[in-house]
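**Student:** Quick one: structure below, then a few questions.
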Protein chains: 2
Amino acid sequence: MARRKDHTPKELKGLILQSARKIIDSKGLNGLTARALANAIGYTPGTIYNFYRDMDALVTDINHATLEQLYRFCNERTQGLPLDFSKVRALAYAYVDFAHDNRRAWETLFAGTRDGSHKSRLPAYYRQALLNLFEFIETILRECLQIPAGEAAKMARLLWAAMHGITVLTLDGRLNLIGVGQPHEMIDDLLQRYLFQYQ
Amino acid sequence: MARRKDHTPKELKGLILQSARKIIDSKGLNGLTARALANAIGYTPGTIYNFYRDMDALVTDINHATLEQLYRFCNERTQGLPLDFSKVRALAYAYVDFAHDNRRAWETLFAGTRDGSHKSRLPAYYRQALLNLFEFIETILRECLQIPAGEAAKMARLLWAAMHGITVLTLDGRLNLIGVGQPHEMIDDLLQRYLFQYQ
DNA sequence: CACATACTTGAACAGTGTTCAATAAAATAA
DNA sequence: TTATTTTATTGAACACTGTTCAAGTATGTG
């Protein structure tokens, strides 16, 4: 059979993306196999390769969608808040909360590619999504704490890194054994000390 | 053939570990396949399974060795230093330097297991190595900055997390695009601000 | 020298990503 | 309508993966 026309190409690509994300949410990245995905969408493995060069390219697309979802989530959680320290804190909370609520997708964001070779650089739209998110953080720092532009970039980077570390530490079962506290407490501690002179 | 006695069991296990680490250093975790390792040690895949339940168990053992190596490295780099802020900074430097010098092994430390199922908890000796490293950090914080025990534990956790985040950010090519500065600069910024009241 | 033990092998199985000729349905042309 | 072209889909195939295990052989023991 061919040209089943059950779905337009656009629909089918959306279906692939959506089903892949569902599989990741329930079974993790390791559960996302070409055959499992094909089965989920009611097609055969070959069809996936009409839309993606390889499975890594699909995962990149999923990660892009996750980044945009994260961006929207952070935006919603900070919208309308007064432009002060509380907004910065709300942003940090939003980041870890998203990671905890979308654990598997967030892990996939930082999981290595299937073939370790960094042959295929990230597509431009992916990099843009990442830069958007970063710029969002920087803007909030500048607006809420009156941090000069030069400093804000540096601090945004560092806070991003620290937030990432906190999230990994509280999510990863292997590291959690240290007896890590609640992520919100760690964030409070980080912001209170690191941003001491700006409160 | 059997009982080749080219190596005692102890030697052979050491050879497996050593060769596996070499493969990871050169080809990354994805390059570490049972057959590639078997070929490297001059045996067949089956032999590996006399020493490890599965490949994940082997990787756990490698990670344990890496943790101990990291511990020794941090110890050497901080030994004999005056018990002040400079020692804390040296410790932080040591951590990122180790990660950069042993990039592949460090990435393996935090890579997910091959089969996502968290069926097999970490062995006790692994957890102990992790706790030792953590305690080391905490001790230096207490000794060098006169931080009360209760606070030191919390701060050690947070600094660990932040260090981890900084290292990921500066090592991972996908995140590096943000235009991250040198890790040492980020560490200086983190310590200077976060530990402000203790300098 | 014969026996038992313990280790190593290599084939086999089920799974993986990926490719691609064959095929059949839809779109188009006659 | 019918014939032809275009295009989406298939499913078999290939080269890998981890893992198991009966068979066999070199060593240690009696």
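Each chain in the structure tokens gets a letter, A, B, ..., in the order shown, and its residues are numbered from 1; ligands are numbered from 1 in order too.
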Check the DSSP output for the backbone and give back, as a ChimeraX atom specification, the residues of chain B in alpha helix (DSSP H).

**Tutor:** /B:9-27,34-41,45-48,55-78,85-101,103-110,124-145,149-171,173-176,183-194

**Student:** Could you tell me which residues of chain C sit within 10 Å of chain B when counting only C-alpha atoms (C1' of nucleotides), and give me the result as an mmCIF file with C-alpha atoms (C1' of nucleotides), in the first residue's frame?

**Tutor:**
```cif
data_model
loop_
_atom_site.group_PDB
_atom_site.id
_atom_site.type_symbol
_atom_site.label_atom_id
_atom_site.label_comp_id
_atom_site.auth_asym_id
_atom_site.auth_seq_id
_atom_site.Cartn_x
_atom_site.Cartn_y
_atom_site.Cartn_z
ATOM 1 C "C1'" DA C 6 36.777 -24.337 36.028
ATOM 2 C "C1'" DC C 7 37.194 -21.307 32.328
ATOM 3 C "C1'" DT C 8 36.531 -19.967 27.498
ATOM 4 C "C1'" DT C 9 34.346 -20.202 23.419
ATOM 5 C "C1'" DG C 10 31.263 -19.360 19.571
#
```

**Student:** So the first atom is atom CA of Gly112 of chain A and the second is atom CA of Ile16 of chain A; what is the distance between them in Å, to one decimal place?

**Tutor:**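 Spanning atom CA of Gly112 of chain A to atom CA of Ile16 of chain A is a straight-line distance of 21.1 Å.
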
**Student:** Please build the interface table for chain D against chain B with a cut-off of 12 Å, listing for each qualifying residue the nearest atom pair and the distance in Å to one decimal; count only C-alpha atoms (C1' of nucleotides), order rows by chain and increasing number, and write it as a Markdown table.

**Tutor:**
```
| residue | atom | partner | partner_atom | distance |
| --- | --- | --- | --- | --- |
| D:DC16 | C1' | B:Thr33 | CA | 10.5 |
| D:DT17 | C1' | B:Thr33 | CA | 7.8 |
| D:DG18 | C1' | B:Ala34 | CA | 7.5 |
| D:DT19 | C1' | B:Asp54 | CA | 7.9 |
| D:DT20 | C1' | B:Gly46 | CA | 8.7 |
| D:DC21 | C1' | B:Gly46 | CA | 9.6 |
| D:DA23 | C1' | B:Met1 | CA | 10.8 |
| D:DG24 | C1' | B:Met1 | CA | 7.0 |
| D:DT25 | C1' | B:Met1 | CA | 4.4 |
| D:DA26 | C1' | B:Ala2 | CA | 5.3 |
| D:DT27 | C1' | B:Arg3 | CA | 6.2 |
| D:DG28 | C1' | B:Arg3 | CA | 10.5 |
```

**Student:** What does the distance from atom CA of Leu37 of chain A to atom C1' of DC14 of chain D come to in Å, to one decimal?

**Tutor:**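 Going from atom CA of Leu37 of chain A over to atom C1' of DC14 of chain D, I get 21.0 Å.
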
**Student:** Could you please select, counting only C-alpha atoms, the residues of chain B within 8 Å of chain A and state them as a PyMOL selection string?

**Tutor:** chain B and resi 28-31+111-112+114-116+122+127+131+134+157-158+160-166+168-169+174+177-178+180+186+190+193-196

**Student:** List as a compact mmCIF listing (two decimals) with C-alpha atoms, in the first residue's frame the protein and nucleic acid residues near Arg77 of chain B, meaning an atom at most 9 Å away when only C-alpha atoms (C1' of nucleotides) are counted, but skip any in the same chain fewer than 6 places from it.

**Tutor:**
```txt
# COMPACT_ATOMS: atom_id res chain seq x y z
CA LYS B 87 41.67 26.28 49.28
CA ALA B 90 41.37 25.31 44.46
CA LEU B 91 38.91 22.54 45.19
CA TYR B 93 39.00 24.43 40.13
CA ALA B 94 40.11 20.85 40.63
```

**Student:** Would you kindly return, as a list of chain:residue names, each protein, DNA or RNA residue with an atom no farther than 10 Å from any atom of Leu83 of chain B, considering only C-alpha atoms (C1' of nucleotides) and excluding same-chain residues fewer than 5 positions away?

**Tutor:**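 My list of contacting residues is B:Thr78, B:Val88, B:Ile140, B:Leu141, B:Arg142, B:Glu143, B:Cys144, B:Leu145, B:Gln146.
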